[in-house]
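Notes to accompany the following structure.
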Amino acid sequence: MHYMLLFNEKAEELGKRTDSVKAEAYWGGWTAYMQAMAQSGVMVSGNALQPPDVSTTIRVENGLRHVVDGPFADTKEILGGYVILDVTDLDAALEWAARAPCVSAGSVEIRPVLASPAG
Amino acid sequence: MDRERRAAAREAEAAARSSYGKLVAILASRTRDIAAAEDALADAFAAALTQWPRDGIPANPIGWLMTVARRSIGRAAGRRRTAEAAESVLRMLDDERDEAKPDSFGDDRLALMFVCAHPAIDGEAQAPLMLQTVLGLDAERIAASFLVSGATMGQRLVRAKRKIRDAGIAFAIPDPGEAPARIGAVLSAIYAAYGTAWEDVTGADGKLRDLATEAIWLARLLRQLLPDDPEVMGLLSLMLHCQARSAARRSATGAFVPLDVQDMTLWSRSMIAEAEAHLRSAARKAAPGRFQTEAAIQSLHAHQRMTGERFTGPLVRLYDTLARFAPTTGVLVARAVAHAENGNPAAALVQLDQIPDAARYQPFWAARARVSWLSGNEEAAWASARTAAGLSNDAGVRAFLLAGGFRGRVR
């Protein structure tokens with residue numbers, strides 16, 4: 001089964017990306033984690049995302065485009081990245097999720113990918 | 001012919017009762033689709049009721065039900081669209097062909113129990129789900145026992161089954177590293193099913209009496225499937241100790257009878273003996289835990305009555321241990337009473353004051369009444385008893401409290 005792991009990070013955790021002291025440890029942790037998934041063959045795809053201050057949201061109402069700066073809603077945790085894994089079951093997905101650097105400084109949501117209908 | 005039909009109906013019913021969970025577990029283990037397995041089983045039982053009286057009871061009734069149910073799942077999957085679902089059904093049908101003997105399937109009920117108590121399943125749904133899938137109880141009956149409407153319970157169960165199927169929760173025994181926590185969840189779910197029955201102290205509700213028996217049945221099954229786990233033994237022992245006293249907990253008029261004045265001739269000696277045997281087996285494993293401690297407490301309570309001796313000191317130590325394993329509001333309240341009974345009501349009052357969010361918890365006020373009484377504060381005792389009575393939904397308990405039952409045996 002394919003699962004999406006959504007990595008939610010607290011603002012403080014995300015701030016480490018550009019912190020001269022903490023950035024190295026931050027990226028080191030994520031790189032090792034992503035490599036481990038890639039090497040074990042479970043990773044279908046995945047990316048880190050830029051922070052929400054460069055995010056743009058659009059909504060169309062009555063044919064009018066409403067484009068706003070920033071994410072749709074302000075939340076305490078920010079989506080910092082995601083991966084798609086191909087594993088046998090939820091427990092296997094949970095095991096990978098539990099290794100994510102943000103799991104103790106945020107959370108990881110695990111969503112099964114909706115299987116496409118057979119052609 | 002009529003006799004034949006009745007025999008067939010009895011055979012189908014017996015097969016249903018003894019093998020329902022087994023069949024659900026096997027049918028759903030590949031597809032993870034419990035609802036589809038249950039539907040297919042219902043079809044198979046219906047077919048048995050029409051065919052067995054006509055053609056005779058098959059040599060292997062369970063194998064027959066299994067084959068019919070699998071075909072029914074296969075037909076249903078053929079109508080389904082998703083490739084993934086069809087694939088898992090094909091694998092299951094392959095398994096069927098690979099099976100040398102029709103009665104050679106193993107027991108997947110343990111895996112089914114782990115699925116029902118998986119941490120990804122809503123906690124409120126775990127015990128009901130286990131009662132339904134392992135024992136085949138219907139949602140209406142489970143709903144009545146858990147004090148929710150049939151529709152609510154139905155939705156809860158449907159949602160849980162959908163989650164198991166769509167989130168891909170595996171039908172598997174957890175890894176050794178994870179097993180203790182996962183077994184703990186299974187035990188808690190079984191105890192929740194039993195606790196629901198136990199709270200019905202009136203014992204007037206036939207449905208709840210049954211549920212206590214069903215919960216014990218689940219614990220016995222788990223004892224068989226996990227023969228070396230001391231906590232499983234502890235839970236079974238605990239429930240048997242409580243169940244042994246069920247007939248003595250109410251007077252003929254329905255009045256609440258506390259443990260220290262129960263008519264011991266109404267206790268089930270055989271259940272107590274069995275409970276003690278499980279507790280001894282558990283002790284030999286030298287790995288204490290929550291349920292073993294609770295069972296030991298119930299064992300001491302029983303011995304206190306049977307021997308006339310007071311074991312308040314050992315009870316305090318056991319409650320202190322239990323509070324470390326499971327510091328729930330209920331345990332902390334009971335522990336305070338144990339300290340008060342052991343001659344330390346002042347410390348007990350301090351302990352009660354430290355329990356958070358207990359203001360609307362009925363046992364907290366009943367305990368406070370008893371502890372206040374033991375500390376010599378009669379006025380506070382009566383006031384707490386009135387609060388406890390106001391929070392109780394049981395007429396017998398209410399009457400007991402308002403009549404000053406907290407004073408203990410009035411000599």
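Here's how to read the names in the structure tokens: chain A, B, ... by the order shown, residue numbers from 1 in each chain, ligand numbers from 1 in the order shown.
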With a distance cut-off of 7 Å and only C-alpha atoms, select the neighbouring residues of range 229-231 of chain B, excluding the residue or stretch itself and same-chain residues fewer than 3 positions from it, and output the selection as a PyMOL selection string.
chain B and resi 226+234-235+282+285+287+289+291-292
Met130 in chain B: which residues within 8 Å, counting only C-alpha atoms, same-chain residues fewer than 6 positions away excluded, as a list in words?
Met113, Cys116, Ala117, Ala189 and Ile190 of chain B
Could you list, as a PyMOL selection string, every residue within 7 Å of range 388-391 of chain B, counting only C-alpha atoms and ignoring same-chain residues fewer than 2 positions away?
chain B and resi 362+365-366+384-386+393+398+401-402
What does the file look like for those residues with all heavy atoms, as an mmCIF file, in the first residue's frame?
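That gives us again_21.cif:
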data_model
loop_
_atom_site.group_PDB
_atom_site.id
_atom_site.type_symbol
_atom_site.label_atom_id
_atom_site.label_comp_id
_atom_site.auth_asym_id
_atom_site.auth_seq_id
_atom_site.Cartn_x
_atom_site.Cartn_y
_atom_site.Cartn_z
ATOM 1 N N GLN B 362 -18.552 9.768 41.096
ATOM 2 C CA GLN B 362 -19.339 9.254 42.220
ATOM 3 C C GLN B 362 -18.503 8.479 43.239
ATOM 4 O O GLN B 362 -18.607 8.737 44.446
ATOM 5 C CB GLN B 362 -20.511 8.416 41.675
ATOM 6 C CG GLN B 362 -21.586 8.101 42.698
ATOM 7 C CD GLN B 362 -21.322 6.795 43.433
ATOM 8 O OE1 GLN B 362 -20.475 6.003 43.011
ATOM 9 N NE2 GLN B 362 -22.028 6.587 44.535
ATOM 10 N N TRP B 365 -16.773 10.572 45.989
ATOM 11 C CA TRP B 365 -17.554 11.069 47.126
ATOM 12 C C TRP B 365 -17.949 9.947 48.075
ATOM 13 O O TRP B 365 -17.991 10.146 49.288
ATOM 14 C CB TRP B 365 -18.781 11.843 46.622
ATOM 15 C CG TRP B 365 -18.352 13.119 45.969
ATOM 16 C CD1 TRP B 365 -18.272 13.378 44.625
ATOM 17 C CD2 TRP B 365 -17.857 14.291 46.634
ATOM 18 N NE1 TRP B 365 -17.771 14.638 44.411
ATOM 19 C CE2 TRP B 365 -17.514 15.223 45.613
ATOM 20 C CE3 TRP B 365 -17.679 14.651 47.971
ATOM 21 C CZ2 TRP B 365 -17.001 16.488 45.910
ATOM 22 C CZ3 TRP B 365 -17.172 15.908 48.255
ATOM 23 C CH2 TRP B 365 -16.832 16.812 47.234
ATOM 24 N N ALA B 366 -18.205 8.766 47.526
ATOM 25 C CA ALA B 366 -18.493 7.616 48.394
ATOM 26 C C ALA B 366 -17.256 7.301 49.246
ATOM 27 O O ALA B 366 -17.352 7.034 50.450
ATOM 28 C CB ALA B 366 -18.890 6.413 47.547
ATOM 29 N N SER B 384 -20.675 14.164 52.287
ATOM 30 C CA SER B 384 -20.098 13.491 51.123
ATOM 31 C C SER B 384 -21.014 12.379 50.630
ATOM 32 O O SER B 384 -21.152 12.160 49.418
ATOM 33 C CB SER B 384 -18.728 12.898 51.471
ATOM 34 O OG SER B 384 -17.811 13.922 51.729
ATOM 35 N N ALA B 385 -21.627 11.664 51.568
ATOM 36 C CA ALA B 385 -22.532 10.572 51.187
ATOM 37 C C ALA B 385 -23.708 11.117 50.385
ATOM 38 O O ALA B 385 -24.152 10.498 49.410
ATOM 39 C CB ALA B 385 -23.022 9.838 52.430
ATOM 40 N N ARG B 386 -24.219 12.304 50.797
ATOM 41 C CA ARG B 386 -25.336 12.901 50.048
ATOM 42 C C ARG B 386 -24.883 13.277 48.637
ATOM 43 O O ARG B 386 -25.609 13.056 47.670
ATOM 44 C CB ARG B 386 -25.886 14.123 50.792
ATOM 45 C CG ARG B 386 -26.865 13.769 51.904
ATOM 46 C CD ARG B 386 -27.602 14.996 52.423
ATOM 47 N NE ARG B 386 -26.693 15.983 53.019
ATOM 48 C CZ ARG B 386 -26.299 15.951 54.309
ATOM 49 N NH1 ARG B 386 -26.736 14.988 55.106
ATOM 50 N NH2 ARG B 386 -25.498 16.867 54.778
ATOM 51 N N ASN B 393 -26.512 6.688 39.669
ATOM 52 C CA ASN B 393 -27.694 6.429 38.841
ATOM 53 C C ASN B 393 -28.324 5.095 39.241
ATOM 54 O O ASN B 393 -29.061 4.494 38.492
ATOM 55 C CB ASN B 393 -27.315 6.432 37.353
ATOM 56 C CG ASN B 393 -26.200 5.461 37.046
ATOM 57 O OD1 ASN B 393 -25.843 4.630 37.894
ATOM 58 N ND2 ASN B 393 -25.648 5.524 35.852
ATOM 59 N N ARG B 398 -27.861 4.423 45.962
ATOM 60 C CA ARG B 398 -28.344 5.680 46.549
ATOM 61 C C ARG B 398 -28.889 5.420 47.952
ATOM 62 O O ARG B 398 -28.536 6.100 48.922
ATOM 63 C CB ARG B 398 -29.441 6.257 45.652
ATOM 64 C CG ARG B 398 -29.555 7.745 45.730
ATOM 65 C CD ARG B 398 -30.106 8.349 44.436
ATOM 66 N NE ARG B 398 -31.190 7.618 43.816
ATOM 67 C CZ ARG B 398 -31.239 7.318 42.525
ATOM 68 N NH1 ARG B 398 -30.270 7.691 41.728
ATOM 69 N NH2 ARG B 398 -32.255 6.649 42.034
ATOM 70 N N LEU B 401 -26.182 4.635 50.530
ATOM 71 C CA LEU B 401 -25.419 5.801 50.970
ATOM 72 C C LEU B 401 -26.235 6.676 51.913
ATOM 73 O O LEU B 401 -25.747 7.120 52.959
ATOM 74 C CB LEU B 401 -24.967 6.621 49.751
ATOM 75 C CG LEU B 401 -23.843 6.002 48.924
ATOM 76 C CD1 LEU B 401 -23.782 6.640 47.543
ATOM 77 C CD2 LEU B 401 -22.512 6.154 49.648
ATOM 78 N N LEU B 402 -27.497 6.920 51.559
ATOM 79 C CA LEU B 402 -28.325 7.828 52.360
ATOM 80 C C LEU B 402 -28.678 7.214 53.714
ATOM 81 O O LEU B 402 -29.001 7.925 54.664
ATOM 82 C CB LEU B 402 -29.592 8.213 51.585
ATOM 83 C CG LEU B 402 -29.319 9.081 50.350
ATOM 84 C CD1 LEU B 402 -30.595 9.340 49.562
ATOM 85 C CD2 LEU B 402 -28.647 10.397 50.735
#
For Ser104 in chain A, work out the shell of residues within 10 Å, counting only C-alpha atoms and skipping chain neighbours fewer than 6 positions away, then give it as a ChimeraX atom specification.
/A:9-10,98
Selected residues, all heavy atoms, written as a compact mmCIF listing (two decimals), in the first residue's frame, please.
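Ended up saving to part_26.txt:
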# COMPACT_ATOMS: atom_id res chain seq x y z
N GLU A 9 5.85 20.36 11.40
CA GLU A 9 6.88 20.87 12.29
C GLU A 9 6.39 22.11 13.02
O GLU A 9 5.65 22.91 12.47
CB GLU A 9 8.14 21.21 11.49
CG GLU A 9 8.78 20.00 10.86
CD GLU A 9 9.92 20.37 9.94
OE1 GLU A 9 9.66 20.61 8.74
OE2 GLU A 9 11.05 20.42 10.40
N LYS A 10 6.85 22.25 14.25
CA LYS A 10 6.56 23.49 14.97
C LYS A 10 7.40 24.60 14.36
O LYS A 10 8.48 24.35 13.81
CB LYS A 10 6.89 23.32 16.45
CG LYS A 10 5.94 22.36 17.14
CD LYS A 10 6.13 22.35 18.64
CE LYS A 10 5.11 21.43 19.28
NZ LYS A 10 5.69 20.58 20.30
N ALA A 98 7.77 7.04 12.86
CA ALA A 98 8.31 7.24 14.21
C ALA A 98 9.77 7.66 14.18
O ALA A 98 10.31 8.14 15.17
CB ALA A 98 8.13 5.97 15.04
Can you build me a table of chain A residues sitting at most 8 Å from chain B, with the closest atom pair per residue and its distance in Å to one decimal, using only C-alpha atoms, sorted by chain and residue number, as JSON lines?
{"residue": "A:Met1", "atom": "CA", "partner": "B:Gly168", "partner_atom": "CA", "distance": 7.4}
{"residue": "A:Thr88", "atom": "CA", "partner": "B:Gly168", "partner_atom": "CA", "distance": 7.9}
{"residue": "A:Asp89", "atom": "CA", "partner": "B:Gly168", "partner_atom": "CA", "distance": 5.0}
{"residue": "A:Leu90", "atom": "CA", "partner": "B:Ile169", "partner_atom": "CA", "distance": 5.1}
{"residue": "A:Asp91", "atom": "CA", "partner": "B:Ile169", "partner_atom": "CA", "distance": 6.8}
{"residue": "A:Arg111", "atom": "CA", "partner": "B:Ala167", "partner_atom": "CA", "distance": 7.3}
{"residue": "A:Pro112", "atom": "CA", "partner": "B:Ala167", "partner_atom": "CA", "distance": 5.6}
{"residue": "A:Ala115", "atom": "CA", "partner": "B:Thr82", "partner_atom": "CA", "distance": 7.3}
{"residue": "A:Ser116", "atom": "CA", "partner": "B:Thr82", "partner_atom": "CA", "distance": 7.2}
{"residue": "A:Pro117", "atom": "CA", "partner": "B:Thr82", "partner_atom": "CA", "distance": 4.9}
{"residue": "A:Ala118", "atom": "CA", "partner": "B:Ala83", "partner_atom": "CA", "distance": 5.1}
Write out as a list in words each polymer residue whose atoms come within 10 Å of Ile355 in chain B, counting only C-alpha atoms; drop sequence neighbours fewer than 6 positions from it.
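My reading of the contact set: Pro327, Thr328, Thr329, Gly330, Leu332, Val333, Ala336 and Phe364 of chain B.
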Please, could you write that set of residues out with all heavy atoms as an mmCIF file, in the first residue's frame?
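Writing done, so here's again26.cif:
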data_model
loop_
_atom_site.group_PDB
_atom_site.id
_atom_site.type_symbol
_atom_site.label_atom_id
_atom_site.label_comp_id
_atom_site.auth_asym_id
_atom_site.auth_seq_id
_atom_site.Cartn_x
_atom_site.Cartn_y
_atom_site.Cartn_z
ATOM 1 N N PRO B 327 -2.230 4.743 37.434
ATOM 2 C CA PRO B 327 -2.701 5.807 38.316
ATOM 3 C C PRO B 327 -3.997 6.456 37.812
ATOM 4 O O PRO B 327 -4.051 7.654 37.590
ATOM 5 C CB PRO B 327 -1.528 6.800 38.317
ATOM 6 C CG PRO B 327 -0.840 6.569 37.011
ATOM 7 C CD PRO B 327 -1.082 5.143 36.612
ATOM 8 N N THR B 328 -5.028 5.658 37.629
ATOM 9 C CA THR B 328 -6.308 6.197 37.177
ATOM 10 C C THR B 328 -7.062 6.772 38.374
ATOM 11 O O THR B 328 -6.742 6.457 39.526
ATOM 12 C CB THR B 328 -7.181 5.095 36.547
ATOM 13 O OG1 THR B 328 -7.447 4.112 37.566
ATOM 14 C CG2 THR B 328 -6.467 4.419 35.393
ATOM 15 N N THR B 329 -8.070 7.599 38.102
ATOM 16 C CA THR B 329 -8.858 8.187 39.180
ATOM 17 C C THR B 329 -9.438 7.089 40.072
ATOM 18 O O THR B 329 -9.372 7.173 41.297
ATOM 19 C CB THR B 329 -9.991 9.050 38.590
ATOM 20 O OG1 THR B 329 -9.400 9.978 37.684
ATOM 21 C CG2 THR B 329 -10.735 9.800 39.667
ATOM 22 N N GLY B 330 -9.996 6.056 39.455
ATOM 23 C CA GLY B 330 -10.609 4.978 40.220
ATOM 24 C C GLY B 330 -9.618 4.300 41.155
ATOM 25 O O GLY B 330 -9.922 4.033 42.318
ATOM 26 N N LEU B 332 -6.747 5.556 42.314
ATOM 27 C CA LEU B 332 -6.277 6.472 43.351
ATOM 28 C C LEU B 332 -7.320 6.625 44.459
ATOM 29 O O LEU B 332 -6.980 6.715 45.643
ATOM 30 C CB LEU B 332 -5.936 7.838 42.735
ATOM 31 C CG LEU B 332 -4.736 7.817 41.763
ATOM 32 C CD1 LEU B 332 -4.537 9.179 41.115
ATOM 33 C CD2 LEU B 332 -3.453 7.383 42.486
ATOM 34 N N VAL B 333 -8.593 6.628 44.078
ATOM 35 C CA VAL B 333 -9.669 6.723 45.071
ATOM 36 C C VAL B 333 -9.661 5.469 45.962
ATOM 37 O O VAL B 333 -9.702 5.550 47.193
ATOM 38 C CB VAL B 333 -11.036 6.900 44.371
ATOM 39 C CG1 VAL B 333 -12.182 6.627 45.330
ATOM 40 C CG2 VAL B 333 -11.156 8.314 43.790
ATOM 41 N N ALA B 336 -6.788 5.428 48.448
ATOM 42 C CA ALA B 336 -6.992 6.282 49.622
ATOM 43 C C ALA B 336 -7.833 5.561 50.665
ATOM 44 O O ALA B 336 -7.523 5.589 51.866
ATOM 45 C CB ALA B 336 -7.647 7.595 49.200
ATOM 46 N N PHE B 364 -15.562 8.838 44.133
ATOM 47 C CA PHE B 364 -14.735 9.760 44.916
ATOM 48 C C PHE B 364 -15.493 10.214 46.154
ATOM 49 O O PHE B 364 -14.966 10.205 47.268
ATOM 50 C CB PHE B 364 -14.352 10.973 44.054
ATOM 51 C CG PHE B 364 -13.643 12.071 44.802
ATOM 52 C CD1 PHE B 364 -12.282 11.997 45.048
ATOM 53 C CD2 PHE B 364 -14.348 13.180 45.260
ATOM 54 C CE1 PHE B 364 -11.631 13.006 45.733
ATOM 55 C CE2 PHE B 364 -13.700 14.196 45.955
ATOM 56 C CZ PHE B 364 -12.341 14.104 46.194
#
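In this model, the gap between CA of Asp357 in chain B and CA of Pro345 in chain B comes to 21.0 Å.
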I want to know what sits within 12 Å of Gly123 in chain B, based on only C-alpha atoms, with residues of the same chain fewer than 2 positions away left out; could you give that as a list in words?
Cys116, Ala117, His118, Pro119, Ala120, Ile121, Ala125, Gln126, Ala127, Pro128, Leu129, Met130, Arg156, Leu157, Ala160, Ala185, Val186, Ser188, Ala189 and Ala192 of chain B
Quick one: distance from CA of Leu238 in chain B to CA of Ser299 in chain B in Å, one decimal?
8.1 Å
